[in-house]
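J.: After the structure tokens below, expect a handful of questions from me.
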Amino acid sequence: MERPEFKAFITNLGKYNEGDLVGEWVEFPIDEDDFEEILHKIGCDTPEYEEWFVTDYECNLSGFDWQDFGEYPSYDKLQEFGELIESIDDVEAVDNAYEVTGDLQEAIDGLESGDIIYYPGISSLGDMAYEYIDMLGGIDELGKDTIENYFDFEAFGRDLSFDD
């Protein structure tokens with residue numbers, strides 16, 4: 001997966017209410033002075049037109065939901081999310097964890113702490129179980145209770161009866 005990016009279309013609220021869409025795409029994180037320049041560029045620098053809002057978002061992470069931000073996020077909230085995206089090392093792992101958790105910080109922290117384990121190439125829970133058992137060192141490493149809880153002795157016995 002390519003490096004993630006996070007953009008918001010910052011729109012002049014006063015002009016929008018007058019029927020004129022005036023705005024600009026902004027990639028976060030962005031320096032606060034540069035953000036202020038963009039606000040000036042779209043006319044949000046007078047008392048009449050000082051309010052801005054977001055009319056669209058672009059983010060190529062699977063778990064991204066624009067509703068987490070809404071139309072009226074703070075600069076700080078957008079900036080923080082952009083900085084989190086910039087900090088990602090393993091894009092594929094974080095993307096998958098974020099899709100499950102719905103919270104980018106939780107996904108990053110979980111992967112770093114080991115509370116979330118990412119198995120690349122795993123597409124089913126069965127594949128994940130095989131990978132986990134292999135990581136432990138094989139079926140011999142499972143405890144008796146685990147084997148009794150998860151092994152279907154009836155099915156195995158039935159199959160053995162057909163081998164006569």
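Order determines the names: the first chain of the structure tokens is A, the second B, and so forth; residues in each chain are numbered 1 upward, and ligands are numbered 1 upward as they are shown.
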Name the residues in contact with Leu61 (chain A) at a cut-off of 8 Å, using only C-alpha atoms, excluding same-chain residues fewer than 4 positions from it; report them as a list in words.
T.: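 So the residues in contact are Pro4, Asp95, Tyr98 and Glu99 of chain A.
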J.: May I have the residues from that selection written out with N, CA and C atoms, as a PDB file, in the first residue's frame?
T.:
ATOM      1  N   PRO A   4       0.049   6.677   3.266  1.00  0.00           N
ATOM      2  CA  PRO A   4      -1.267   7.303   3.429  1.00  0.00           C
ATOM      3  C   PRO A   4      -1.162   8.826   3.412  1.00  0.00           C
ATOM      4  N   ASP A  95      -3.078   0.097   8.544  1.00  0.00           N
ATOM      5  CA  ASP A  95      -4.318   0.201   7.774  1.00  0.00           C
ATOM      6  C   ASP A  95      -5.297  -0.894   8.196  1.00  0.00           C
ATOM      7  N   TYR A  98      -6.457  -0.279  11.849  1.00  0.00           N
ATOM      8  CA  TYR A  98      -7.360   0.879  11.892  1.00  0.00           C
ATOM      9  C   TYR A  98      -8.751   0.498  11.389  1.00  0.00           C
ATOM     10  N   GLU A  99      -8.795  -0.349  10.374  1.00  0.00           N
ATOM     11  CA  GLU A  99     -10.084  -0.790   9.841  1.00  0.00           C
ATOM     12  C   GLU A  99     -10.872  -1.551  10.911  1.00  0.00           C
TER      13      GLU A  99
END
J.: Skipping near chain neighbours, those fewer than 6 positions away, what residues fall within 8 Å of Leu13 (chain A) using only C-alpha atoms, listed as a list in words?
T.: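 Final neighbour list, sorted by chain and number: Tyr49, Glu50, Glu51, Trp52 and Phe53 of chain A.
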J.: Would you mind reading off the distance between CA of Ile85 (chain A) and CA of Met128 (chain A), one decimal, in Å?
T.: 26.9 Å
J.: Could you find all residues in chain A that DSSP calls strand (DSSP E) from the backbone, and write them as a PyMOL selection string?
T.: chain A and resi 6-12+23-28+52-59
J.: Go ahead and save the picked residues with N, CA, C and O atoms, as an mmCIF file, in the first residue's frame.
T.:
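Saved the output as out26.cif:
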data_model
loop_
_atom_site.group_PDB
_atom_site.id
_atom_site.type_symbol
_atom_site.label_atom_id
_atom_site.label_comp_id
_atom_site.auth_asym_id
_atom_site.auth_seq_id
_atom_site.Cartn_x
_atom_site.Cartn_y
_atom_site.Cartn_z
ATOM 1 N N PHE A 6 -3.775 12.471 4.027
ATOM 2 C CA PHE A 6 -5.024 12.965 4.579
ATOM 3 C C PHE A 6 -5.217 14.406 4.122
ATOM 4 O O PHE A 6 -4.374 15.260 4.391
ATOM 5 N N LYS A 7 -6.316 14.638 3.396
ATOM 6 C CA LYS A 7 -6.624 15.965 2.875
ATOM 7 C C LYS A 7 -8.047 16.348 3.259
ATOM 8 O O LYS A 7 -8.911 15.490 3.391
ATOM 9 N N ALA A 8 -8.244 17.653 3.402
ATOM 10 C CA ALA A 8 -9.585 18.183 3.657
ATOM 11 C C ALA A 8 -9.804 19.377 2.735
ATOM 12 O O ALA A 8 -8.885 20.159 2.503
ATOM 13 N N PHE A 9 -11.011 19.483 2.187
ATOM 14 C CA PHE A 9 -11.343 20.636 1.359
ATOM 15 C C PHE A 9 -11.908 21.701 2.287
ATOM 16 O O PHE A 9 -13.042 21.604 2.771
ATOM 17 N N ILE A 10 -11.094 22.710 2.560
ATOM 18 C CA ILE A 10 -11.458 23.796 3.466
ATOM 19 C C ILE A 10 -12.239 24.834 2.669
ATOM 20 O O ILE A 10 -11.774 25.322 1.643
ATOM 21 N N THR A 11 -13.439 25.162 3.150
ATOM 22 C CA THR A 11 -14.375 26.002 2.414
ATOM 23 C C THR A 11 -14.761 27.241 3.223
ATOM 24 O O THR A 11 -14.959 27.166 4.426
ATOM 25 N N ASN A 12 -14.877 28.357 2.534
ATOM 26 C CA ASN A 12 -15.333 29.609 3.128
ATOM 27 C C ASN A 12 -16.836 29.492 3.389
ATOM 28 O O ASN A 12 -17.630 29.408 2.454
ATOM 29 N N GLY A 23 -12.944 27.371 -1.907
ATOM 30 C CA GLY A 23 -12.183 26.541 -0.980
ATOM 31 C C GLY A 23 -10.919 26.021 -1.608
ATOM 32 O O GLY A 23 -10.611 26.310 -2.761
ATOM 33 N N GLU A 24 -10.212 25.231 -0.829
ATOM 34 C CA GLU A 24 -8.942 24.692 -1.293
ATOM 35 C C GLU A 24 -8.644 23.381 -0.570
ATOM 36 O O GLU A 24 -8.928 23.233 0.620
ATOM 37 N N TRP A 25 -8.047 22.432 -1.316
ATOM 38 C CA TRP A 25 -7.590 21.190 -0.704
ATOM 39 C C TRP A 25 -6.368 21.477 0.149
ATOM 40 O O TRP A 25 -5.446 22.157 -0.284
ATOM 41 N N VAL A 26 -6.361 20.933 1.366
ATOM 42 C CA VAL A 26 -5.250 21.113 2.288
ATOM 43 C C VAL A 26 -4.816 19.739 2.776
ATOM 44 O O VAL A 26 -5.640 18.955 3.271
ATOM 45 N N GLU A 27 -3.526 19.447 2.614
ATOM 46 C CA GLU A 27 -2.995 18.187 3.129
ATOM 47 C C GLU A 27 -2.449 18.425 4.526
ATOM 48 O O GLU A 27 -1.693 19.360 4.759
ATOM 49 N N PHE A 28 -2.870 17.553 5.438
ATOM 50 C CA PHE A 28 -2.429 17.641 6.829
ATOM 51 C C PHE A 28 -1.423 16.552 7.113
ATOM 52 O O PHE A 28 -1.542 15.468 6.557
ATOM 53 N N TRP A 52 -14.798 28.913 8.478
ATOM 54 C CA TRP A 52 -14.524 27.898 7.459
ATOM 55 C C TRP A 52 -15.105 26.569 7.919
ATOM 56 O O TRP A 52 -15.389 26.370 9.096
ATOM 57 N N PHE A 53 -15.319 25.689 6.963
ATOM 58 C CA PHE A 53 -15.762 24.332 7.277
ATOM 59 C C PHE A 53 -15.218 23.393 6.203
ATOM 60 O O PHE A 53 -14.623 23.833 5.224
ATOM 61 N N VAL A 54 -15.394 22.108 6.410
ATOM 62 C CA VAL A 54 -14.858 21.104 5.485
ATOM 63 C C VAL A 54 -16.009 20.517 4.678
ATOM 64 O O VAL A 54 -16.992 20.037 5.237
ATOM 65 N N THR A 55 -15.864 20.582 3.348
ATOM 66 C CA THR A 55 -16.904 20.019 2.480
ATOM 67 C C THR A 55 -16.534 18.645 1.933
ATOM 68 O O THR A 55 -17.393 17.962 1.379
ATOM 69 N N ASP A 56 -15.272 18.225 2.100
ATOM 70 C CA ASP A 56 -14.868 16.909 1.601
ATOM 71 C C ASP A 56 -13.557 16.503 2.256
ATOM 72 O O ASP A 56 -12.775 17.359 2.693
ATOM 73 N N TYR A 57 -13.343 15.206 2.321
ATOM 74 C CA TYR A 57 -12.091 14.635 2.837
ATOM 75 C C TYR A 57 -11.572 13.606 1.853
ATOM 76 O O TYR A 57 -12.342 12.975 1.134
ATOM 77 N N GLU A 58 -10.266 13.417 1.854
ATOM 78 C CA GLU A 58 -9.632 12.326 1.127
ATOM 79 C C GLU A 58 -8.629 11.677 2.061
ATOM 80 O O GLU A 58 -7.776 12.357 2.637
ATOM 81 N N CYS A 59 -8.762 10.375 2.218
ATOM 82 C CA CYS A 59 -7.811 9.612 3.026
ATOM 83 C C CYS A 59 -7.827 8.186 2.488
ATOM 84 O O CYS A 59 -8.902 7.605 2.310
#
J.: Rounded to one decimal, what separation in Å do you get between CA of Thr146 (chain A) and CA of Glu112 (chain A)?
T.: 27.6 Å
J.: Just asking: which residues within chain A are helix (DSSP H, G or I) according to DSSP, as a VMD selection string?
T.: chain A and resid 13 to 17 32 to 41 47 to 49 66 to 68 75 to 86 91 to 101 104 to 113 125 to 136 139 to 141 144 to 150 153 to 161
J.: Between A:Ile88, A:Ile30, A:Val22, A:Ile38, single out the one closest to Arg3 (chain A), counting only C-alpha atoms.
T.: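 When distances to Arg3 (chain A) are compared using only C-alpha atoms, the smallest one comes from A:Ile88.
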J.: Please identify all polymer residues within 10 Å of Gly110 (chain A), counting only C-alpha atoms, omitting same-chain residues fewer than 4 positions from it, and present them as a list of chain:residue names.
T.: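 Here the answer would be A:Val94, A:Ala97, A:Tyr98, A:Thr101, A:Leu104, A:Gln105, A:Glu106, A:Gly114, A:Asp115, A:Ile116, A:Ile117.
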J.: Looking at only C-alpha atoms, which of A:Ala107, A:Ile133, A:Asn96, A:Tyr75 is the one that sits closest to Asp34 (chain A)?
T.: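 Of the candidates, the smallest distance to Asp34 (chain A) is held by A:Tyr75.
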J.: Taking only C-alpha atoms into account, which of A:Glu2, A:Gly138, A:Ala129, A:Pro29 comes nearest Asp89 (chain A)?
T.: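 For Asp89 (chain A), the nearest of the candidates is A:Glu2.
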